[in-house]
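The block underneath contains the structure these notes are about, expressed in structure tokens.
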Amino acid sequence: MKIMKKIAAVTIAAAALFAFAGCAGESEDENDMLSVKGSGCSIDYTNESDGYSRGFKSLKTNHLDAVCKITQTVNSVAITKDNNGDGVLGFIFDLSQDNTTKLYNFTIAGTRYNVTKGETQVYVTKYINIDSKYLSAGRDFCGSDGNKAKSVTEFNREDTAAQCIDYLGSAQTAGYEKLDGVEIDKTKAQASIWIDVIANDGTSKNRNGDAGSYTVKFYTSDPKRKTSAVGSDTTYDGKDTAPTAARQVIIYASDTGYDKATQNDLGFYANVYSNRTLTGSWELSDIEGSAEPIVYAE
């Protein structure tokens with residue numbers, strides 16, 4: 001019995017190691033922009049091209065959700081016709097791959113500093129049916145036909161074309177909205193925001209939205225979230241009542257296709273604008289749900 005247990009333990013450890021070593025083909029962070037260490041990530045990357053340079057990196061373990069602190073250094077001071085900032089820092093969640101089509105589904109909650117308007121802006125966009133070769137290559141997330149994800153108000157899951165839903169902003173603002181209350185440290189030229197992603201189970205404390213839906217909250221200071229060991233009953237700074245968010249988004253169960261809180265992958269995304277340097281970091285806390293190693297197909 002002891003020998004069998006040792007064999008099982010070695011098998012599980014090997015599987016976990018393989019999962020962490022694996023990636024979504026060669027498509028993740030092809031430009032080698034992101035440096036992931038543990039549950040955090042950093043970037044200090046100069047894009048010397050005339051187009052976007054994008055990075056996409058997953059943790060390779062399934063979880064319910066987490067809080068992500070994003071800190072960005074404002075490098076750009078000059079405003080040009082084509083660039084109004086350094087780029088975008090995004091928190092990826094609900095990342096999965098379809099077993100049949102091998103296409104990717106994920107949501108990004110992100111931020112950028114808009115130099116033109118002098119404000120921090122945020123967005124939340126859910127994508128489905130994205131081909132792996134477009135995760136970091138090219139200008140946009142595209143489907144297997146090479147076409148950019150079509151903006152829709154509800155997903156047609158019978159159609160394998162790339163689709164997306166913007167939960168903030170409009171076509172005129174490219175899905176971005178201003179986040180009020182963000183303070184920039186003038187000495188370091190840095191600003192931080194906290195993105196609180198909540199996988200709702202429909203019943204437990206501060207997770208009682210419709211089961212299978214997500215609540216995304218943007219904070220300008222640490223909400224100090226803590227969740228029980230079983231991934232339910234969330235408190236904030238030891239209190240039952242969550243602090244008021246600067247911005248909040250609901251991703252409905254009809255958009256996720258779930259009827260319960262579901263574990264999927266988390267990750268980090270960056271988009272560096274042309275001839276700009278993007279400097280920043282991501283730090284995950286209160287990562288919920290037991291880690292389940294996964295391997296993406298080529």
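Convention: chains lettered A, B, ... in structure tokens order; per-chain residue numbering from 1; ligands numbered from 1 as shown.
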Give me the residues near Asp237 (chain A) as a CSV table (one decimal) with N, CA, C and O atoms, in the first residue's frame, where near means some atom within 12 Å (using only C-alpha atoms) and where sequence neighbours in that chain fewer than 3 positions away do not count.
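Wrote it out as selection.csv, contents follow:
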chain,number,residue,atom,x,y,z
A,221,SER,N,-7.8,51.3,-3.5
A,221,SER,CA,-7.0,50.9,-2.3
A,221,SER,C,-7.3,49.5,-2.0
A,221,SER,O,-8.3,48.9,-2.5
A,222,ASP,N,-6.5,48.8,-1.3
A,222,ASP,CA,-6.6,47.4,-1.0
A,222,ASP,C,-7.9,47.1,-0.2
A,222,ASP,O,-8.1,47.6,0.9
A,223,PRO,N,-8.8,46.3,-0.8
A,223,PRO,CA,-10.0,45.9,-0.1
A,223,PRO,C,-9.8,44.9,1.0
A,223,PRO,O,-10.7,44.6,1.7
A,224,LYS,N,-8.6,44.3,1.1
A,224,LYS,CA,-8.3,43.4,2.1
A,224,LYS,C,-9.3,42.2,2.1
A,224,LYS,O,-9.8,41.9,3.2
A,225,ARG,N,-9.4,41.6,1.0
A,225,ARG,CA,-10.4,40.5,0.9
A,225,ARG,C,-9.8,39.2,1.4
A,225,ARG,O,-8.6,38.9,1.3
A,226,LYS,N,-10.6,38.4,2.1
A,226,LYS,CA,-10.2,37.1,2.6
A,226,LYS,C,-11.4,36.2,2.5
A,226,LYS,O,-12.5,36.5,2.9
A,227,THR,N,-11.2,35.0,2.0
A,227,THR,CA,-12.2,34.0,1.7
A,227,THR,C,-11.9,32.7,2.5
A,227,THR,O,-10.7,32.4,2.7
A,234,THR,N,-16.9,35.3,1.8
A,234,THR,CA,-15.8,36.3,1.7
A,234,THR,C,-16.0,37.5,2.6
A,234,THR,O,-17.1,38.0,2.7
A,240,ASP,N,-18.2,41.9,7.2
A,240,ASP,CA,-19.1,41.2,6.2
A,240,ASP,C,-19.5,42.1,5.1
A,240,ASP,O,-19.8,41.6,4.0
A,241,THR,N,-19.4,43.4,5.2
A,241,THR,CA,-19.8,44.3,4.2
A,241,THR,C,-18.6,44.7,3.3
A,241,THR,O,-17.6,45.2,3.9
A,242,ALA,N,-18.7,44.5,2.0
A,242,ALA,CA,-17.6,44.9,1.2
A,242,ALA,C,-17.5,46.4,1.0
A,242,ALA,O,-18.6,47.1,1.0
A,243,PRO,N,-16.3,47.0,0.9
A,243,PRO,CA,-16.2,48.4,0.7
A,243,PRO,C,-16.8,48.8,-0.7
A,243,PRO,O,-16.9,48.0,-1.6
ask   = DSSP says strand (DSSP E) for which residues of region 54-236 of chain A? Put them as JSON, numbers by chain?
value = {"A": [54, 55, 56, 57, 58, 59, 60, 61, 62, 63, 65, 66, 67, 68, 69, 70, 71, 72, 73, 87, 88, 89, 90, 91, 92, 93, 94, 95, 96, 97, 104, 105, 106, 107, 108, 109, 110, 111, 112, 113, 114, 119, 120, 121, 122, 123, 124, 125, 126, 127, 128, 129, 130, 150, 151, 163, 164, 165, 166, 177, 178, 190, 191, 192, 193, 194, 195, 196, 197, 198, 199, 214, 215, 216, 217, 218, 219, 225, 226, 227, 234, 235, 236]}
Using only C-alpha atoms, find each residue in region 196-274 of chain A having at least one atom no more than 7 Å away from region 51-75 of chain A; report its shortest atom-to-atom pair and that distance in Å (one decimal), rows by chain then rising number, as a tab-separated table.
residue	atom	partner	partner_atom	distance
A:Asp196	CA	A:Val67	CA	4.5
A:Val197	CA	A:Asp65	CA	5.8
A:Ile198	CA	A:Asp65	CA	6.0
A:Ala199	CA	A:Leu64	CA	6.0
A:Ala261	CA	A:Leu64	CA	7.0
A:Thr262	CA	A:Leu64	CA	5.9
A:Gln263	CA	A:Leu64	CA	4.4
A:Asn264	CA	A:Asn62	CA	4.3
A:Asp265	CA	A:Asn62	CA	4.3
A:Leu266	CA	A:Leu59	CA	5.8
A:Gly267	CA	A:Ser58	CA	4.0
A:Phe268	CA	A:Lys57	CA	5.2
A:Tyr269	CA	A:Phe56	CA	4.6
A:Ala270	CA	A:Gly55	CA	5.1
A:Asn271	CA	A:Arg54	CA	4.4
A:Val272	CA	A:Ser53	CA	5.1
A:Tyr273	CA	A:Tyr52	CA	5.0
A:Ser274	CA	A:Gly51	CA	5.1
request  = Check region 151-259 of chain A with DSSP on the backbone and list each residue it calls alpha helix (DSSP H), as a ChimeraX atom specification.
outcome  = /A:253-256
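Neighbouring residues of Val122 (chain A) at 7 Å or closer, counting only C-alpha atoms and skipping chain neighbours under 2 positions away, are Gly110, Thr111, Arg112, Thr120, Tyr176, Glu177, Lys178 and Leu179 of chain A.
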request  = Determine the nearest neighbour of Lys188 (chain A) from the options A:Gly40, A:Pro293, A:Gly143, A:Gly280, counting only C-alpha atoms.
outcome  = A:Gly280
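Take CA of Ile193 (chain A) and CA of Tyr252 (chain A): the distance between them is 23.5 Å.
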